[in-house]
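File shown here: work_24.cif, holding mmCIF, C-alpha atoms.
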```cif
data_work
#
loop_
_atom_site.group_PDB
_atom_site.id
_atom_site.type_symbol
_atom_site.label_atom_id
_atom_site.label_comp_id
_atom_site.auth_asym_id
_atom_site.auth_seq_id
_atom_site.Cartn_x
_atom_site.Cartn_y
_atom_site.Cartn_z
ATOM 1 C CA MET A 215 -3.035 -35.971 -7.112
ATOM 2 C CA GLY A 216 -4.519 -32.463 -6.929
ATOM 3 C CA ALA A 217 -2.804 -29.382 -8.275
ATOM 4 C CA LEU A 218 -0.716 -27.369 -5.849
ATOM 5 C CA ARG A 219 -2.194 -23.986 -5.041
ATOM 6 C CA THR A 220 -0.109 -20.869 -5.267
ATOM 7 C CA PRO A 221 0.325 -19.724 -1.652
ATOM 8 C CA ARG A 222 -1.495 -16.580 -0.562
ATOM 9 C CA GLU A 223 1.836 -14.908 0.286
ATOM 10 C CA LYS A 224 2.978 -15.330 -3.329
ATOM 11 C CA TRP A 225 -0.021 -13.335 -4.527
ATOM 12 C CA VAL A 226 0.764 -10.590 -1.996
ATOM 13 C CA GLU A 227 4.457 -10.566 -2.976
ATOM 14 C CA ALA A 228 3.552 -10.396 -6.670
ATOM 15 C CA GLY A 229 1.134 -7.560 -5.906
ATOM 16 C CA LEU A 230 3.823 -5.625 -4.032
ATOM 17 C CA ARG A 231 6.272 -6.121 -6.928
ATOM 18 C CA ALA A 232 3.652 -4.862 -9.385
ATOM 19 C CA LEU A 233 2.906 -1.890 -7.124
ATOM 20 C CA ALA A 234 6.598 -1.007 -6.901
ATOM 21 C CA GLU A 235 7.106 -1.328 -10.655
ATOM 22 C CA GLY A 236 3.956 0.304 -11.998
ATOM 23 C CA GLY A 237 1.873 1.792 -9.221
ATOM 24 C CA VAL A 238 -1.464 0.623 -7.917
ATOM 25 C CA GLU A 239 -2.909 0.567 -11.451
ATOM 26 C CA ALA A 240 -0.467 -2.259 -12.290
ATOM 27 C CA VAL A 241 -1.910 -4.502 -9.570
ATOM 28 C CA ARG A 242 -4.324 -6.526 -11.705
ATOM 29 C CA VAL A 243 -5.396 -10.099 -10.987
ATOM 30 C CA GLU A 244 -4.800 -11.282 -14.564
ATOM 31 C CA ALA A 245 -1.334 -9.714 -14.721
ATOM 32 C CA LEU A 246 -0.388 -11.197 -11.342
ATOM 33 C CA ALA A 247 -1.566 -14.656 -12.392
ATOM 34 C CA LYS A 248 0.517 -14.386 -15.557
ATOM 35 C CA ALA A 249 3.578 -13.262 -13.564
ATOM 36 C CA LEU A 250 3.101 -16.213 -11.205
ATOM 37 C CA GLY A 251 2.499 -18.622 -14.093
ATOM 38 C CA VAL A 252 -0.912 -19.690 -12.806
ATOM 39 C CA THR A 253 -4.551 -19.129 -13.655
ATOM 40 C CA LYS A 254 -6.437 -16.341 -11.959
ATOM 41 C CA GLY A 255 -8.951 -18.819 -10.487
ATOM 42 C CA GLY A 256 -6.606 -19.570 -7.591
ATOM 43 C CA PHE A 257 -6.663 -15.911 -6.621
ATOM 44 C CA TYR A 258 -10.329 -16.104 -5.666
ATOM 45 C CA GLY A 259 -9.643 -18.976 -3.278
ATOM 46 C CA TYR A 260 -7.795 -16.465 -1.098
ATOM 47 C CA PHE A 261 -9.253 -13.053 -1.880
ATOM 48 C CA ALA A 262 -12.805 -11.870 -2.380
ATOM 49 C CA ASP A 263 -11.615 -9.254 -4.860
ATOM 50 C CA ARG A 264 -8.739 -6.970 -5.836
ATOM 51 C CA GLY A 265 -9.533 -4.655 -2.913
ATOM 52 C CA ALA A 266 -8.918 -7.484 -0.441
ATOM 53 C CA LEU A 267 -5.523 -8.103 -2.039
ATOM 54 C CA LEU A 268 -4.652 -4.410 -1.864
ATOM 55 C CA THR A 269 -5.494 -4.379 1.852
ATOM 56 C CA GLU A 270 -3.284 -7.421 2.481
ATOM 57 C CA MET A 271 -0.503 -5.802 0.498
ATOM 58 C CA LEU A 272 -0.671 -2.733 2.742
ATOM 59 C CA ASP A 273 -0.727 -5.005 5.800
ATOM 60 C CA ALA A 274 2.416 -6.779 4.569
ATOM 61 C CA TRP A 275 4.170 -3.470 3.782
ATOM 62 C CA GLU A 276 3.333 -2.069 7.235
ATOM 63 C CA ARG A 277 4.398 -5.260 8.998
ATOM 64 C CA GLU A 278 7.752 -5.379 7.218
ATOM 65 C CA SER A 279 8.282 -1.626 7.507
ATOM 66 C CA ILE A 280 7.766 -1.392 11.258
ATOM 67 C CA ASP A 281 6.893 -4.588 13.114
ATOM 68 C CA ASP A 282 9.621 -6.727 11.555
ATOM 69 C CA VAL A 283 12.209 -3.989 12.195
ATOM 70 C CA LEU A 284 11.278 -3.858 15.880
ATOM 71 C CA GLU A 285 11.348 -7.648 16.083
ATOM 72 C CA ARG A 286 14.839 -7.780 14.510
ATOM 73 C CA LEU A 287 16.068 -5.133 16.948
ATOM 74 C CA GLU A 288 14.664 -7.132 19.857
ATOM 75 C CA GLN A 289 16.137 -10.440 18.622
ATOM 76 C CA GLU A 290 19.549 -8.850 18.190
ATOM 77 C CA GLY A 291 19.330 -7.412 21.684
ATOM 78 C CA SER A 292 19.376 -3.869 20.353
ATOM 79 C CA ASP A 293 17.574 -1.080 22.083
ATOM 80 C CA ALA A 294 15.165 0.649 19.693
ATOM 81 C CA ARG A 295 16.635 3.870 21.048
ATOM 82 C CA ASP A 296 20.107 2.999 19.709
ATOM 83 C CA LEU A 297 20.147 5.420 16.780
ATOM 84 C CA ASP A 298 22.986 3.709 14.912
ATOM 85 C CA GLU A 299 21.263 0.333 15.099
ATOM 86 C CA LEU A 300 17.911 1.880 14.251
ATOM 87 C CA ALA A 301 19.449 3.575 11.211
ATOM 88 C CA ARG A 302 20.893 0.244 10.082
ATOM 89 C CA GLN A 303 17.585 -1.575 10.521
ATOM 90 C CA PHE A 304 15.220 1.235 9.553
ATOM 91 C CA THR A 305 12.847 0.114 6.856
ATOM 92 C CA LEU A 306 13.942 2.553 4.216
ATOM 93 C CA SER A 307 17.412 1.027 4.257
ATOM 94 C CA LEU A 308 15.972 -2.252 2.986
ATOM 95 C CA ASP A 309 16.440 -1.998 -0.771
ATOM 96 C CA HIS A 310 13.381 -4.017 -1.762
ATOM 97 C CA LEU A 311 11.101 -1.865 0.432
ATOM 98 C CA ILE A 312 12.200 1.471 -1.015
ATOM 99 C CA PRO A 313 10.245 1.199 -4.291
ATOM 100 C CA ILE A 314 7.227 -0.191 -2.429
ATOM 101 C CA ASP A 315 7.337 2.649 0.092
ATOM 102 C CA LEU A 316 7.600 5.233 -2.691
ATOM 103 C CA ALA A 317 4.705 3.613 -4.572
ATOM 104 C CA VAL A 318 2.559 3.644 -1.413
ATOM 105 C CA ARG A 319 3.337 7.362 -1.017
ATOM 106 C CA ASP A 320 2.221 8.014 -4.586
ATOM 107 C CA TRP A 321 -0.923 5.907 -4.082
ATOM 108 C CA ALA A 322 -1.699 7.792 -0.856
ATOM 109 C CA ARG A 323 -1.934 11.038 -2.817
ATOM 110 C CA ARG A 324 -5.115 9.714 -4.440
ATOM 111 C CA ASP A 325 -6.602 7.395 -1.823
ATOM 112 C CA GLN A 326 -7.578 8.633 1.647
ATOM 113 C CA THR A 327 -7.528 5.152 3.195
ATOM 114 C CA VAL A 328 -3.971 4.591 1.996
ATOM 115 C CA ALA A 329 -3.027 8.097 3.176
ATOM 116 C CA GLU A 330 -4.269 7.208 6.672
ATOM 117 C CA ARG A 331 -2.229 3.978 6.618
ATOM 118 C CA LEU A 332 0.867 5.875 5.478
ATOM 119 C CA ARG A 333 0.348 8.434 8.241
ATOM 120 C CA ARG A 334 0.201 5.621 10.813
ATOM 121 C CA VAL A 335 3.430 4.065 9.505
ATOM 122 C CA ASP A 336 5.229 7.407 9.346
ATOM 123 C CA ASN A 337 4.025 8.285 12.849
ATOM 124 C CA ARG A 338 5.477 5.020 14.139
ATOM 125 C CA ARG A 339 8.740 5.700 12.298
ATOM 126 C CA MET A 340 8.874 9.210 13.756
ATOM 127 C CA GLN A 341 8.282 7.847 17.255
ATOM 128 C CA LEU A 342 11.164 5.400 16.855
ATOM 129 C CA LEU A 343 13.372 8.313 15.839
ATOM 130 C CA ARG A 344 12.132 10.490 18.715
ATOM 131 C CA ASP A 345 12.906 7.699 21.169
ATOM 132 C CA ALA A 346 16.381 7.212 19.712
ATOM 133 C CA ILE A 347 17.291 10.886 19.534
ATOM 134 C CA GLY A 348 15.739 11.516 22.941
ATOM 135 C CA THR A 349 18.448 9.323 24.511
ATOM 136 C CA PHE A 350 21.072 12.024 23.908
ATOM 137 C CA CYS A 351 18.996 15.158 23.375
ATOM 138 C CA SER A 352 16.572 16.469 25.993
ATOM 139 C CA ASP A 353 15.116 19.481 24.152
ATOM 140 C CA PRO A 354 11.759 18.304 22.741
ATOM 141 C CA ASP A 355 11.880 20.872 19.927
ATOM 142 C CA GLU A 356 15.319 19.686 18.856
ATOM 143 C CA VAL A 357 14.283 16.027 19.133
ATOM 144 C CA GLU A 358 11.320 16.716 16.850
ATOM 145 C CA ALA A 359 13.420 18.684 14.342
ATOM 146 C CA ARG A 360 16.154 16.043 14.208
ATOM 147 C CA SER A 361 13.563 13.285 13.795
ATOM 148 C CA LEU A 362 11.920 15.183 10.950
ATOM 149 C CA LEU A 363 15.269 15.785 9.250
ATOM 150 C CA ALA A 364 16.195 12.108 9.593
ATOM 151 C CA ILE A 365 12.985 10.824 8.039
ATOM 152 C CA CYS A 366 13.043 13.497 5.332
ATOM 153 C CA ALA A 367 16.587 12.477 4.417
ATOM 154 C CA ALA A 368 15.591 8.801 4.307
ATOM 155 C CA ILE A 369 12.586 9.434 2.068
ATOM 156 C CA GLY A 370 13.650 12.536 0.167
ATOM 157 C CA SER A 371 17.016 11.196 -0.908
ATOM 158 C CA HIS A 372 15.148 8.874 -3.283
ATOM 159 C CA PHE A 373 13.494 11.839 -5.004
ATOM 160 C CA LEU A 374 16.488 14.153 -5.152
ATOM 161 C CA ALA A 375 18.328 14.228 -8.476
ATOM 162 C CA ALA A 376 21.128 16.570 -7.361
ATOM 163 C CA ASP A 377 24.803 15.730 -7.612
ATOM 164 C CA HIS A 378 27.201 15.993 -4.673
ATOM 165 C CA PRO A 379 30.502 17.188 -6.172
ATOM 166 C CA GLY A 380 33.382 15.113 -4.877
ATOM 167 C CA ARG A 381 31.093 12.893 -2.782
ATOM 168 C CA THR A 382 28.720 10.008 -3.274
ATOM 169 C CA ARG A 383 25.112 10.210 -2.139
ATOM 170 C CA ALA A 384 25.892 7.520 0.452
ATOM 171 C CA GLU A 385 28.745 9.628 1.870
ATOM 172 C CA VAL A 386 26.526 12.689 2.160
ATOM 173 C CA ILE A 387 23.746 10.702 3.830
ATOM 174 C CA ALA A 388 26.243 9.139 6.256
ATOM 175 C CA HIS A 389 27.572 12.597 7.127
ATOM 176 C CA ALA A 390 24.028 13.921 7.601
ATOM 177 C CA GLY A 391 23.354 10.986 9.947
ATOM 178 C CA ALA A 392 26.492 11.819 11.931
ATOM 179 C CA ILE A 393 25.312 15.414 12.276
ATOM 180 C CA LEU A 394 21.877 14.269 13.462
ATOM 181 C CA ARG A 395 23.500 11.959 16.053
ATOM 182 C CA ARG A 396 25.769 14.684 17.426
ATOM 183 C CA PRO A 397 24.978 15.649 20.987
ATOM 184 C CA PRO A 398 23.528 19.151 21.347
ATOM 185 C CA GLY A 399 26.253 21.765 21.694
ATOM 186 C CA ASP A 400 28.860 19.611 19.910
ATOM 187 C CA SER A 401 29.870 21.615 16.844
ATOM 188 C CA GLY A 402 31.591 18.619 15.323
ATOM 189 C CA SER A 403 34.593 20.730 14.375
ATOM 190 C CA GLY A 404 37.005 18.154 15.740
ATOM 191 C CA ARG A 405 36.525 15.645 12.947
#
```
Could I get this file's structure written as structure tokens?
Amino acid sequence: MGALRTPREKWVEAGLRALAEGGVEAVRVEALAKALGVTKGGFYGYFADRGALLTEMLDAWERESIDDVLERLEQEGSDARDLDELARQFTLSLDHLIPIDLAVRDWARRDQTVAERLRRVDNRRMQLLRDAIGTFCSDPDEVEARSLLAICAAIGSHFLAADHPGRTRAEVIAHAGAILRRPPGDSGSGR
């Protein structure tokens, strides 16, 4: 009986874990094989080289960050323009994707190809937010500003080290989301 091969997806998953934990420099074939408990020979049955793995890792990150979110929304019968549902499903709320997303952002600072991929993903995220906010706000400038604030809060909250006296970070983010969902002209003073 022949030896079972480590599935291609396992190599990609291991690569994404390594990326999240140590950056792109940590994605090394030998280290991944050791983490998977296999020899590195199986790697070359799936990938021509490390670069091919890195591309598949970015493909997997993009798919899970955007395509899978849209698919879940569709399966649940949610309208992608439902801001509350979008906020619940939005990729950056998935705990395992946060460190990967942050590592991709760091990688993009040094690699133009990755920067272009990140721009595509962020543009798709922004469009989802524009569509959602546009359902209750008709001013295109306000839609754009609210979308920017929403994505900046989602990403930036992971970089911010500030305290929120008397509140948790989750409470502050929830309140910020409520402000962003408020219809134009509603001061929110009746809370």
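Take the candidates A:Pro397, A:Gly256, A:Pro313, A:Gly391 and check each one against Leu233 of chain A using only C-alpha atoms; the shortest distance goes to A:Pro313.
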Within 12 Å of Phe373 of chain A, counting all atoms listed in the file, which residues show up once you throw out same-chain ones fewer than 4 positions away? Write them as a PyMOL selection string, please. chain A and resi 312-313+316+319-320+366-369
Who sits within 12 Å of Arg277 of chain A, all atoms listed in the file, same chain under 4 positions skipped, as a PyMOL selection string: chain A and resi 270-273+281-285+305+311+331+334-335+338
Please, what distance in Å, to one decimal, runs between atom CA of Asp345 of chain A and atom CA of Glu276 of chain A? 19.5 Å
Compare A:Glu288, A:Asp315, A:Glu278, A:Asp263 by their minimum atom-to-atom distance to Gly237 of chain A, counting all atoms listed in the file, and give me the closest one.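 Smallest separation from Gly237 of chain A among the options: A:Asp315.
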Atom CA of Ser279 of chain A and atom CA of Ala317 of chain A are how many Å apart?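 Computed distance, atom CA of Ser279 of chain A to atom CA of Ala317 of chain A, equals 13.6 Å.
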Among listed residues A:Ala232, A:Val357, A:Leu268, A:Ala376, nearest Leu342 of chain A (using all atoms listed in the file):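 Of A:Ala232, A:Val357, A:Leu268, A:Ala376, the one nearest Leu342 of chain A, counting all atoms listed in the file, is A:Val357.
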Step by step, work through what the PyMOL selection byres ((chain A and resi 398) around 12) selects in the shown file, and finish by giving those residues as an mmCIF file with C-alpha atoms, in the coordinates of the input.
```
data_model
loop_
_atom_site.group_PDB
_atom_site.id
_atom_site.type_symbol
_atom_site.label_atom_id
_atom_site.label_comp_id
_atom_site.auth_asym_id
_atom_site.auth_seq_id
_atom_site.Cartn_x
_atom_site.Cartn_y
_atom_site.Cartn_z
ATOM 1 C CA ILE A 347 17.291 10.886 19.534
ATOM 2 C CA GLY A 348 15.739 11.516 22.941
ATOM 3 C CA THR A 349 18.448 9.323 24.511
ATOM 4 C CA PHE A 350 21.072 12.024 23.908
ATOM 5 C CA CYS A 351 18.996 15.158 23.375
ATOM 6 C CA SER A 352 16.572 16.469 25.993
ATOM 7 C CA ASP A 353 15.116 19.481 24.152
ATOM 8 C CA PRO A 354 11.759 18.304 22.741
ATOM 9 C CA ASP A 355 11.880 20.872 19.927
ATOM 10 C CA GLU A 356 15.319 19.686 18.856
ATOM 11 C CA VAL A 357 14.283 16.027 19.133
ATOM 12 C CA ARG A 360 16.154 16.043 14.208
ATOM 13 C CA ILE A 393 25.312 15.414 12.276
ATOM 14 C CA LEU A 394 21.877 14.269 13.462
ATOM 15 C CA ARG A 395 23.500 11.959 16.053
ATOM 16 C CA ARG A 396 25.769 14.684 17.426
ATOM 17 C CA PRO A 397 24.978 15.649 20.987
ATOM 18 C CA GLY A 399 26.253 21.765 21.694
ATOM 19 C CA ASP A 400 28.860 19.611 19.910
ATOM 20 C CA SER A 401 29.870 21.615 16.844
ATOM 21 C CA GLY A 402 31.591 18.619 15.323
#
```
Nearest residue to Leu230 of chain A from the set A:Thr269, A:Thr382, A:Thr327, A:Asn337 (distances using all atoms listed in the file): A:Thr269
Residue members of the PyMOL selection byres ((chain A and resi 248-254) around 9) in the file shown, as a list in words: Arg219, Thr220, Lys224, Trp225, Ala228, Val243, Glu244, Ala245, Leu246, Ala247, Gly255, Gly256, Phe257 and Tyr258 of chain A
Correct to one decimal, the distance atom CA of Gly370 of chain A-atom CA of Ala346 of chain A is 20.4 Å
What lies within 10 Å of Arg383 of chain A using all atoms listed in the file, ignoring chain neighbours under 6 positions off, as a PyMOL selection string? chain A and resi 371+374+376-377+389
Box along x, y and z, 6 Å on every side, all listed atoms of segment 319-334 of chain A inside: centre and edge lengths in Å to one decimal, as lines of an AutoDock Vina configuration file.
```
center_x = -2.1
center_y = 7.5
center_z = 3.1
size_x = 22.9
size_y = 19.1
size_z = 27.4
```
Have a look at A:Arg242, A:Arg339, A:Arg286, A:Arg222 and name the one nearest to Phe261 of chain A; count only C-alpha atoms.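 Answer, going by the shortest atom-to-atom distance: A:Arg222.
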Restricting the calculation to all atoms listed in the file, which member of A:Ala329, A:Met340, A:Ala384, A:Ile314 is positioned closest to Ile365 of chain A?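 Smallest distance to Ile365 of chain A is found for A:Met340.
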Hey, could you patch up segment 346-357 of chain A with all heavy atoms and hand it over as a short mmCIF file (atom, residue, chain, number, x, y, z; two decimals), in the frame of the given file?
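Contents of the output file selection.cif:
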```
data_model
loop_
_atom_site.label_atom_id
_atom_site.label_comp_id
_atom_site.auth_asym_id
_atom_site.auth_seq_id
_atom_site.Cartn_x
_atom_site.Cartn_y
_atom_site.Cartn_z
N ALA A 346 14.94 7.35 19.89
CA ALA A 346 16.38 7.21 19.71
C ALA A 346 17.10 8.52 19.98
O ALA A 346 18.08 8.56 20.74
CB ALA A 346 16.68 6.71 18.30
N ILE A 347 16.63 9.59 19.38
CA ILE A 347 17.29 10.89 19.53
C ILE A 347 17.12 11.41 20.95
O ILE A 347 18.01 12.06 21.50
CB ILE A 347 16.77 11.87 18.46
CG1 ILE A 347 17.24 11.38 17.08
CG2 ILE A 347 17.24 13.29 18.73
CD1 ILE A 347 16.58 12.05 15.90
N GLY A 348 15.99 11.08 21.57
CA GLY A 348 15.74 11.52 22.94
C GLY A 348 16.70 10.93 23.96
O GLY A 348 16.79 11.41 25.09
N THR A 349 17.47 9.90 23.58
CA THR A 349 18.45 9.32 24.51
C THR A 349 19.66 10.22 24.70
O THR A 349 20.38 10.06 25.67
CB THR A 349 18.92 7.92 24.06
OG1 THR A 349 19.60 8.03 22.81
CG2 THR A 349 17.75 6.95 23.98
N PHE A 350 19.92 11.14 23.75
CA PHE A 350 21.07 12.02 23.91
C PHE A 350 20.71 13.50 23.77
O PHE A 350 21.57 14.36 23.87
CB PHE A 350 22.18 11.66 22.90
CG PHE A 350 21.80 11.84 21.46
CD1 PHE A 350 21.94 13.06 20.82
CD2 PHE A 350 21.30 10.77 20.74
CE1 PHE A 350 21.59 13.22 19.49
CE2 PHE A 350 20.95 10.91 19.40
CZ PHE A 350 21.09 12.14 18.78
N CYS A 351 19.45 13.78 23.55
CA CYS A 351 19.00 15.16 23.38
C CYS A 351 17.71 15.34 24.19
O CYS A 351 16.75 14.60 23.99
CB CYS A 351 18.74 15.42 21.89
SG CYS A 351 18.18 17.08 21.52
N SER A 352 17.73 16.31 25.11
CA SER A 352 16.57 16.47 25.99
C SER A 352 15.60 17.56 25.55
O SER A 352 14.49 17.62 26.06
CB SER A 352 17.04 16.76 27.42
OG SER A 352 17.80 17.96 27.43
N ASP A 353 15.98 18.40 24.62
CA ASP A 353 15.12 19.48 24.15
C ASP A 353 14.07 18.91 23.19
O ASP A 353 14.41 18.45 22.10
CB ASP A 353 15.96 20.54 23.44
CG ASP A 353 15.13 21.69 22.89
OD1 ASP A 353 13.88 21.63 22.93
OD2 ASP A 353 15.74 22.66 22.40
N PRO A 354 12.79 18.92 23.58
CA PRO A 354 11.76 18.30 22.74
C PRO A 354 11.66 18.94 21.35
O PRO A 354 11.36 18.24 20.37
CB PRO A 354 10.46 18.49 23.53
CG PRO A 354 10.78 19.32 24.70
CD PRO A 354 12.25 19.48 24.81
N ASP A 355 11.92 20.23 21.24
CA ASP A 355 11.88 20.87 19.93
C ASP A 355 13.01 20.36 19.04
O ASP A 355 12.82 20.11 17.85
CB ASP A 355 11.97 22.40 20.06
CG ASP A 355 10.74 23.00 20.71
OD1 ASP A 355 9.64 22.39 20.59
OD2 ASP A 355 10.87 24.06 21.34
N GLU A 356 14.19 20.19 19.62
CA GLU A 356 15.32 19.69 18.86
C GLU A 356 15.13 18.20 18.50
O GLU A 356 15.47 17.78 17.40
CB GLU A 356 16.63 19.88 19.61
CG GLU A 356 17.83 19.59 18.75
CD GLU A 356 19.13 20.11 19.32
OE1 GLU A 356 19.13 21.02 20.17
OE2 GLU A 356 20.17 19.58 18.90
N VAL A 357 14.57 17.44 19.42
CA VAL A 357 14.28 16.03 19.13
C VAL A 357 13.34 15.93 17.93
O VAL A 357 13.56 15.15 17.01
CB VAL A 357 13.69 15.31 20.37
CG1 VAL A 357 13.11 13.95 20.00
CG2 VAL A 357 14.73 15.18 21.46
#
```
